[in-house]
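K.L.:
Input structure: input_13.txt, which contains compact mmCIF, C-alpha atoms.
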```txt
# COMPACT_ATOMS: atom_id res chain seq x y z
CA MET U 1 -15.94 -2.32 -21.06
CA ASP U 2 -12.97 -4.26 -19.78
CA PRO U 3 -12.04 -2.97 -16.31
CA ILE U 4 -8.49 -4.35 -16.65
CA HIS U 5 -7.77 -2.33 -19.81
CA GLN U 6 -6.72 0.77 -17.81
CA PHE U 7 -3.64 -1.03 -16.46
CA GLU U 8 -2.20 -1.73 -19.90
CA ILE U 9 1.46 -0.78 -20.35
CA LYS U 10 2.08 1.14 -23.58
CA ASN U 11 5.46 1.72 -25.17
CA LEU U 12 5.88 5.43 -25.81
CA PHE U 13 9.24 5.20 -27.57
CA PRO U 14 11.94 2.51 -27.66
CA ILE U 15 15.29 3.12 -25.99
CA ALA U 16 17.40 0.02 -26.71
CA HIS U 17 17.32 -3.68 -27.56
CA ILE U 18 19.22 -5.90 -25.13
CA GLY U 19 19.41 -9.63 -25.79
CA GLY U 20 16.23 -9.72 -27.85
CA TYR U 21 14.23 -7.76 -25.26
CA GLU U 22 12.98 -4.31 -26.07
CA ILE U 23 13.76 -1.67 -23.45
CA ALA U 24 11.23 1.11 -23.98
CA PHE U 25 10.05 4.27 -22.28
CA THR U 26 6.53 3.28 -21.17
CA ASN U 27 3.58 5.18 -19.72
CA SER U 28 4.57 3.65 -16.37
CA ALA U 29 8.02 5.26 -16.64
CA LEU U 30 6.43 8.54 -17.74
CA PHE U 31 4.23 8.75 -14.64
CA MET U 32 7.12 7.77 -12.36
CA LEU U 33 9.11 10.61 -13.91
CA ILE U 34 6.18 13.03 -13.39
CA SER U 35 5.93 11.97 -9.73
CA VAL U 36 9.64 12.51 -9.13
CA LEU U 37 9.49 15.92 -10.83
CA LEU U 38 6.46 16.94 -8.74
CA ILE U 39 8.11 15.90 -5.47
CA ALA U 40 11.39 17.57 -6.40
CA LEU U 41 9.62 20.79 -7.40
CA LEU U 42 7.58 20.77 -4.17
CA MET U 43 10.59 20.21 -1.96
CA LEU U 44 12.91 22.61 -3.80
CA GLY U 45 10.25 25.29 -4.08
CA ALA U 46 9.27 24.93 -0.43
CA THR U 47 12.78 25.11 0.95
CA SER U 48 14.07 27.93 -1.28
CA SER U 49 12.58 30.77 0.78
CA ARG U 50 12.95 29.18 4.27
CA ALA U 51 10.72 31.70 6.03
CA LEU U 52 10.39 31.62 9.83
CA VAL U 53 6.61 31.75 9.42
CA PRO U 54 6.02 29.17 6.69
CA GLY U 55 3.86 29.92 3.66
CA ARG U 56 1.43 27.41 2.23
CA LEU U 57 3.99 25.47 0.18
CA GLN U 58 6.58 25.42 2.95
CA ALA U 59 3.92 24.24 5.42
CA VAL U 60 3.17 21.25 3.16
CA ALA U 61 6.84 20.27 3.04
CA GLU U 62 7.29 20.77 6.80
CA MET U 63 4.16 18.77 7.59
CA SER U 64 5.26 15.83 5.42
CA TYR U 65 8.72 15.92 7.02
CA GLU U 66 7.28 16.04 10.56
CA PHE U 67 4.76 13.31 9.75
CA VAL U 68 7.35 10.81 8.52
CA SER U 69 9.96 11.67 11.16
CA THR U 70 7.44 11.30 14.02
CA THR U 71 6.38 7.90 12.69
CA LEU U 72 9.98 6.77 12.29
CA ARG U 73 11.05 8.01 15.75
CA SER U 74 8.12 6.42 17.54
CA THR U 75 8.63 2.99 15.93
CA ALA U 76 12.40 2.66 15.35
CA GLY U 77 13.75 5.14 17.89
CA THR U 78 16.25 7.96 17.33
CA GLU U 79 18.71 5.43 15.89
CA GLY U 80 16.25 4.81 13.07
CA MET U 81 16.58 8.40 11.86
CA LYS U 82 19.56 7.38 9.72
CA PHE U 83 16.99 5.62 7.52
CA PHE U 84 14.89 8.78 7.23
CA PRO U 85 15.86 9.48 3.58
CA LEU U 86 14.79 5.96 2.55
CA VAL U 87 11.44 6.07 4.37
CA PHE U 88 10.66 9.63 3.32
CA SER U 89 11.41 8.98 -0.37
CA LEU U 90 9.36 5.78 -0.35
CA PHE U 91 6.41 7.52 1.36
CA MET U 92 6.40 10.56 -0.91
CA PHE U 93 6.96 8.55 -4.10
CA ILE U 94 4.15 6.08 -3.35
CA LEU U 95 1.80 8.81 -2.12
CA VAL U 96 2.24 10.98 -5.22
CA MET U 97 1.94 8.00 -7.59
CA ASN U 98 -1.25 6.81 -5.83
CA VAL U 99 -2.84 10.27 -5.87
CA ILE U 100 -1.93 10.94 -9.51
CA GLY U 101 -3.54 7.61 -10.41
CA ILE U 102 -6.97 8.78 -9.20
CA ILE U 103 -7.12 11.51 -11.87
CA PRO U 104 -9.01 10.15 -14.90
CA TYR U 105 -6.98 9.17 -18.00
CA THR U 106 -3.79 8.80 -15.95
CA PHE U 107 -1.90 5.62 -15.17
CA THR U 108 -1.49 4.19 -11.67
CA VAL U 109 2.11 3.02 -11.40
CA THR U 110 1.58 1.26 -8.05
CA SER U 111 -1.14 -0.99 -9.52
CA HIS U 112 1.58 -3.20 -11.05
CA ILE U 113 3.05 -5.83 -8.78
CA ILE U 114 6.52 -5.58 -10.31
CA ILE U 115 6.80 -2.00 -9.03
CA THR U 116 5.62 -2.76 -5.49
CA VAL U 117 7.76 -5.92 -5.32
CA ALA U 118 10.79 -3.80 -6.18
CA PHE U 119 9.97 -1.45 -3.26
CA ALA U 120 9.27 -4.32 -0.85
CA LEU U 121 12.46 -6.18 -1.79
CA LEU U 122 14.45 -2.97 -1.36
CA VAL U 123 13.12 -2.68 2.20
CA PHE U 124 13.54 -6.42 2.90
CA LEU U 125 17.15 -6.52 1.66
CA THR U 126 17.97 -3.31 3.57
CA VAL U 127 16.66 -4.94 6.76
CA VAL U 128 18.55 -8.21 6.20
CA ILE U 129 21.85 -6.63 5.13
CA TYR U 130 21.83 -3.89 7.77
CA GLY U 131 20.69 -6.37 10.43
CA PHE U 132 23.58 -8.75 9.77
CA TRP U 133 26.08 -5.90 9.32
CA LYS U 134 25.17 -4.25 12.63
CA ASN U 135 24.30 -7.22 14.85
CA GLY U 136 26.22 -10.08 13.21
CA LEU U 137 24.79 -13.47 14.15
CA HIS U 138 22.79 -11.83 16.98
CA PHE U 139 20.35 -10.90 14.22
CA PHE U 140 19.00 -14.48 14.50
CA ARG U 141 17.66 -13.57 17.96
CA LEU U 142 14.83 -11.98 15.99
CA PHE U 143 13.47 -15.49 15.40
CA VAL U 144 13.83 -16.68 19.02
CA PRO U 145 11.49 -14.69 21.28
CA SER U 146 12.49 -14.62 24.93
CA GLY U 147 10.19 -16.01 27.62
CA VAL U 148 8.82 -18.87 25.51
CA PRO U 149 8.85 -22.37 27.14
CA GLY U 150 11.54 -24.66 25.67
CA TYR U 151 9.22 -27.38 24.37
CA ILE U 152 7.26 -24.94 22.18
CA LEU U 153 10.29 -22.89 21.08
CA PRO U 154 11.03 -24.85 17.82
CA LEU U 155 7.47 -24.28 16.64
CA VAL U 156 7.54 -20.57 17.53
CA THR U 157 10.91 -20.14 15.82
CA PHE U 158 9.59 -21.85 12.69
CA ILE U 159 6.53 -19.55 12.66
CA GLU U 160 8.73 -16.46 13.19
CA ILE U 161 11.00 -17.44 10.28
CA MET U 162 8.02 -18.07 8.00
CA SER U 163 6.45 -14.74 8.95
CA PHE U 164 9.76 -12.97 8.34
CA LEU U 165 10.12 -14.55 4.89
CA SER U 166 6.54 -13.75 3.89
CA ARG U 167 7.01 -10.06 4.73
CA PRO U 168 8.01 -8.89 1.24
CA VAL U 169 5.03 -10.80 -0.23
CA SER U 170 2.42 -9.20 2.02
CA HIS U 171 4.20 -5.82 1.95
CA SER U 172 4.02 -5.63 -1.84
CA VAL U 173 0.70 -7.38 -2.47
CA ARG U 174 -1.10 -5.10 0.02
CA LEU U 175 -0.25 -1.92 -1.88
CA PHE U 176 -0.66 -3.43 -5.33
CA ALA U 177 -3.97 -5.20 -4.66
CA ASN U 178 -5.48 -2.17 -2.90
CA MET U 179 -4.77 0.09 -5.85
CA LEU U 180 -5.84 -2.56 -8.39
CA ALA U 181 -9.09 -3.39 -6.60
CA GLY U 182 -9.98 0.28 -6.06
CA HIS U 183 -9.48 1.22 -9.70
CA ILE U 184 -11.38 -1.85 -10.95
CA THR U 185 -14.30 -0.93 -8.66
CA LEU U 186 -14.32 2.64 -10.00
CA LYS U 187 -14.30 1.34 -13.57
CA VAL U 188 -17.12 -1.15 -12.92
CA PHE U 189 -19.33 1.58 -11.42
CA GLY U 190 -18.45 3.90 -14.31
CA GLY U 191 -19.51 1.07 -16.62
CA PHE U 192 -22.92 0.89 -14.87
CA VAL U 193 -23.47 4.58 -15.67
CA THR U 194 -22.85 4.13 -19.42
CA MET U 195 -24.87 0.88 -19.54
CA LEU U 196 -27.90 2.50 -17.88
CA GLY U 197 -27.46 5.71 -19.87
CA ALA U 198 -27.85 3.72 -23.10
CA LEU U 199 -31.40 2.69 -22.08
CA GLY U 200 -32.96 6.13 -22.60
CA PHE U 201 -34.67 8.52 -20.20
CA LEU U 202 -35.54 5.98 -17.45
CA GLY U 203 -31.99 4.67 -17.65
CA TRP U 204 -30.66 8.20 -17.10
CA LEU U 205 -32.70 8.46 -13.89
CA GLY U 206 -31.34 5.11 -12.77
CA ALA U 207 -27.79 6.11 -13.68
CA ILE U 208 -27.77 8.84 -11.02
CA LEU U 209 -27.24 6.22 -8.31
CA PRO U 210 -24.01 4.65 -9.70
CA LEU U 211 -22.78 8.13 -10.68
CA GLY U 212 -23.12 9.33 -7.08
CA LEU U 213 -21.45 6.14 -5.90
CA THR U 214 -18.55 6.76 -8.29
CA VAL U 215 -18.02 10.19 -6.73
CA ALA U 216 -18.15 8.69 -3.22
CA LEU U 217 -15.77 5.90 -4.24
CA THR U 218 -13.31 8.45 -5.65
CA ALA U 219 -13.27 10.14 -2.24
CA LEU U 220 -12.71 6.74 -0.63
CA GLU U 221 -9.89 6.04 -3.09
CA LEU U 222 -8.21 9.29 -2.08
CA LEU U 223 -8.27 8.07 1.53
CA VAL U 224 -6.97 4.64 0.49
CA ALA U 225 -4.19 6.22 -1.60
CA PHE U 226 -2.94 8.15 1.43
CA LEU U 227 -3.53 5.31 3.88
CA GLN U 228 -1.66 2.74 1.78
CA ALA U 229 1.33 5.06 1.40
CA TYR U 230 1.29 5.57 5.19
CA VAL U 231 0.91 1.83 5.83
CA PHE U 232 3.83 1.09 3.51
CA ALA U 233 5.96 3.67 5.33
CA ILE U 234 5.02 2.53 8.85
CA LEU U 235 5.64 -1.14 7.97
CA THR U 236 9.04 -0.11 6.60
CA CYS U 237 9.73 1.62 9.95
CA ILE U 238 8.66 -1.46 11.94
CA TYR U 239 10.81 -3.79 9.82
CA LEU U 240 13.77 -1.42 10.17
CA ALA U 241 13.25 -1.38 13.94
CA ASP U 242 13.73 -5.18 13.86
CA ALA U 243 17.06 -4.73 12.11
CA ILE U 244 18.21 -2.12 14.65
CA HIS U 245 17.03 -3.92 17.81
CA PRO U 246 16.61 -7.63 16.94
CA GLY U 247 16.03 -8.84 20.55
CA HIS U 248 12.38 -8.98 21.52
CA MET A 1 -19.33 -28.35 -15.32
CA ASP A 2 -18.57 -25.66 -17.84
CA PRO A 3 -15.04 -24.36 -17.04
CA THR A 4 -16.10 -20.71 -17.43
CA ALA A 5 -18.98 -21.20 -15.00
CA ALA A 6 -16.62 -22.93 -12.56
CA LYS A 7 -14.24 -19.97 -12.85
CA TYR A 8 -16.94 -17.46 -11.94
CA ILE A 9 -18.26 -19.62 -9.08
CA GLY A 10 -14.71 -19.98 -7.76
CA ALA A 11 -14.19 -16.20 -7.88
CA GLY A 12 -17.40 -15.74 -5.90
CA ILE A 13 -16.38 -18.30 -3.31
CA ALA A 14 -12.93 -16.69 -2.98
CA CYS A 15 -14.57 -13.39 -2.05
CA ILE A 16 -16.16 -14.97 1.05
CA GLY A 17 -12.74 -14.71 2.69
CA MET A 18 -13.09 -10.94 2.69
CA GLY A 19 -15.87 -11.29 5.26
CA GLY A 20 -13.33 -12.55 7.79
CA ALA A 21 -11.12 -9.55 7.14
CA GLY A 22 -14.15 -7.31 7.56
CA VAL A 23 -14.83 -8.81 11.00
CA GLY A 24 -11.17 -8.36 11.93
CA VAL A 25 -10.90 -4.74 10.77
CA GLY A 26 -14.19 -3.91 12.52
CA THR A 27 -12.90 -5.46 15.74
CA ILE A 28 -9.68 -3.44 15.55
CA PHE A 29 -11.35 -0.08 14.93
CA GLY A 30 -14.17 -0.79 17.38
CA HIS A 31 -11.79 -1.65 20.19
CA TYR A 32 -9.61 1.35 19.37
CA LEU A 33 -12.63 3.63 19.52
CA ALA A 34 -13.85 2.10 22.78
CA ALA A 35 -10.41 2.51 24.35
CA ALA A 36 -9.98 6.02 22.94
CA LEU A 37 -13.27 7.14 24.50
CA ARG A 38 -12.15 5.81 27.88
CA ASN A 39 -8.77 7.51 27.73
CA PRO A 40 -8.67 10.12 24.93
CA SER A 41 -5.23 11.43 25.95
CA ALA A 42 -3.58 8.06 25.20
CA ALA A 43 -5.39 7.58 21.88
CA GLN A 44 -2.98 9.56 19.69
CA GLY A 45 0.00 7.50 20.84
CA GLN A 46 -1.63 4.26 19.69
CA PHE A 47 -2.55 5.49 16.21
CA GLY A 48 0.49 3.81 14.66
CA ASN A 49 -0.40 0.49 16.28
CA LEU A 50 -3.97 0.89 15.02
CA ILE A 51 -2.83 1.37 11.43
CA PHE A 52 -0.36 -1.53 11.74
CA GLY A 53 -3.08 -3.89 12.98
CA PHE A 54 -5.43 -2.66 10.29
CA ALA A 55 -2.82 -3.22 7.57
CA VAL A 56 -1.94 -6.74 8.70
CA THR A 57 -5.61 -7.76 8.96
CA GLU A 58 -6.68 -6.09 5.76
CA ALA A 59 -3.92 -7.85 3.81
CA LEU A 60 -5.67 -11.21 4.35
CA GLY A 61 -8.90 -9.91 2.84
CA ILE A 62 -6.95 -8.41 -0.03
CA PHE A 63 -5.32 -11.81 -0.68
CA SER A 64 -8.72 -13.45 -1.17
CA LEU A 65 -9.82 -10.58 -3.42
CA LEU A 66 -6.60 -11.08 -5.38
CA ILE A 67 -7.45 -14.77 -5.91
CA ALA A 68 -10.88 -13.72 -7.21
CA LEU A 69 -9.33 -11.17 -9.58
CA LEU A 70 -6.78 -13.71 -10.81
CA LEU A 71 -9.59 -16.21 -11.51
CA LEU A 72 -11.66 -13.58 -13.34
CA PHE A 73 -9.01 -11.89 -15.44
CA ALA A 74 -5.66 -13.70 -15.40
CA LEU A 75 -6.43 -17.45 -15.67
```
Let's see the structure in the file written out as structure tokens.

P.N.:
Amino acid sequence: MDPIHQFEIKNLFPIAHIGGYEIAFTNSALFMLISVLLIALLMLGATSSRALVPGRLQAVAEMSYEFVSTTLRSTAGTEGMKFFPLVFSLFMFILVMNVIGIIPYTFTVTSHIIITVAFALLVFLTVVIYGFWKNGLHFFRLFVPSGVPGYILPLVTFIEIMSFLSRPVSHSVRLFANMLAGHITLKVFGGFVTMLGALGFLGWLGAILPLGLTVALTALELLVAFLQAYVFAILTCIYLADAIHPGH
Amino acid sequence: MDPTAAKYIGAGIACIGMGGAGVGVGTIFGHYLAAALRNPSAAQGQFGNLIFGFAVTEALGIFSLLIALLLLFAL
């Protein structure tokens, strides 16, 4: 009963050998592919009919579009809408991967830090490169808040730079650790059920409690899966807003 | 001390940090709820700020949980 075992990466079939390293199609890649296919099918299927009164599928697509675009407009302004494809793809991809991971016997792609670090670095580098490209050296105003007394300004600037540099760390670890911790908790409570069930009739009676808790925790995990995708998207919007308007 | 015992004790101590995050997240949601009851029409506009504050606070608790998980399973 090792709760970490569910996060194991398995090679499904090898693709190539490059410099002594094996490049293989893993279960992680398989579930990423499934997520992309699901999102593509949803979006293509929803927009094929384009009815004035939306059906169920079209309403889902319209709601997700409205949800992300409202978030982006309220945090980064209308100018931020040029980043809508980035934010929308990140949100949908993370959301679908998180939700698929709750289904038993599947693999949670976002519970590996290498995946979330790739997302966070993508956002971080987009902010840095776009910020310098659009604002030039004015981008450094981000680290110098206005209205701060001169004698405390070096300290504040130092803190601002440190907080800017730690963004990709917290951005990625938040998503990864939430998914990891949630799935470990589910596994531990599932383990209680089998341990108590092995004790006989009295154990079965006792096992009802952790079983009910597992169901409740699965519902909580569904909330967390959505919330973490939303948090990742809204933090992306807030970071992009810094790149668009660096002055405080 | 037995290194394995020290590992488990360390993981337990690391989890204390989550209490601080619990206080912080409770403060954020409590104040949001109090303010939303005073002025329900303005509540929807602050939902993004609520989630942002929640995410930033919760990350600190998650970091301490991560240290505990690293001690238990990775080291």

K.L.:
Pick out the residues sitting within 12 Å of range 25-39 of chain A, and hand them over as a PyMOL selection string; count all atoms listed in the file, and ignore anything fewer than 4 positions along from it in its own chain.

P.N.:
chain A and resi 18-21+43-61

K.L.:
For a quick test of understanding: name the residues of chain U lying within 8 Å of chain A when counting all atoms listed in the file, and present them as a PyMOL selection string.

P.N.:
chain U and resi 4+71+170+173-174+177-178+181+231+234-235

K.L.:
For the atom pair CA of Ala68 in chain A and CA of His112 in chain U, what is the interatomic distance in Å to one decimal place?

P.N.:
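Going from CA of Ala68 in chain A over to CA of His112 in chain U, I get 16.8 Å.
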
K.L.:
I want to know what sits within 8 Å of Gly80 in chain U, based on all atoms listed in the file, with residues of the same chain fewer than 2 positions away left out; could you give that as a list of chain:residue names?

P.N.:
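Neighbouring residues, sequence-local ones excluded: U:Leu72, U:Arg73, U:Ala76, U:Gly77, U:Thr78, U:Lys82, U:Phe83, U:Phe84, U:Cys237, U:Leu240, U:Ala241, U:Ile244.
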
K.L.:
So what do you get for CA of His183 in chain U versus CA of Glu22 in chain U, distance-wise?

P.N.:
28.3 Å

K.L.:
With distances taken over only C-alpha atoms, which of A:Ser64, A:Leu71, A:Pro40, A:Gly22 is nearest to Lys7 in chain A?

P.N.:
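Closest to Lys7 in chain A of all the choices is A:Leu71.
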
K.L.:
Interatomic distance between CA of Glu160 in chain U and CA of Phe143 in chain U?

P.N.:
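Going from CA of Glu160 in chain U over to CA of Phe143 in chain U covers 5.3 Å.
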
K.L.:
Need the shell around Ile94 in chain U: protein/DNA/RNA residues with any atom at most 10 Å away, counting only C-alpha atoms. Skip same-chain ones fewer than 5 positions apart. Format as a ChimeraX atom specification?

P.N.:
/U:32,35,88-89,99-100,109-110,116,119,175,225-226,228-230,232-233

K.L.:
Any idea what's packed within 6 Å of range 188-196 of chain U, counting all atoms listed in the file, ignoring anything in its chain fewer than 3 positions away? Could you give it as JSON, numbers by chain?

P.N.:
{"U": [185, 199, 203, 207, 210]}

K.L.:
Show which residues sit within 9 Å of Val123 in chain U, as a list in words. Count all atoms listed in the file, and ignore same-chain residues fewer than 4 positions away.

P.N.:
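Everything that qualifies: Leu86, Ala118, Phe119, Val127, Val128, Pro168, Thr236, Tyr239 and Leu240 of chain U.
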
K.L.:
Have a look at U:Ile39, U:Ile152, U:Val53, U:His171 and name the one nearest to Val96 in chain U; count all atoms listed in the file.

P.N.:
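Closest to Val96 in chain U, using all atoms listed in the file: U:Ile39.
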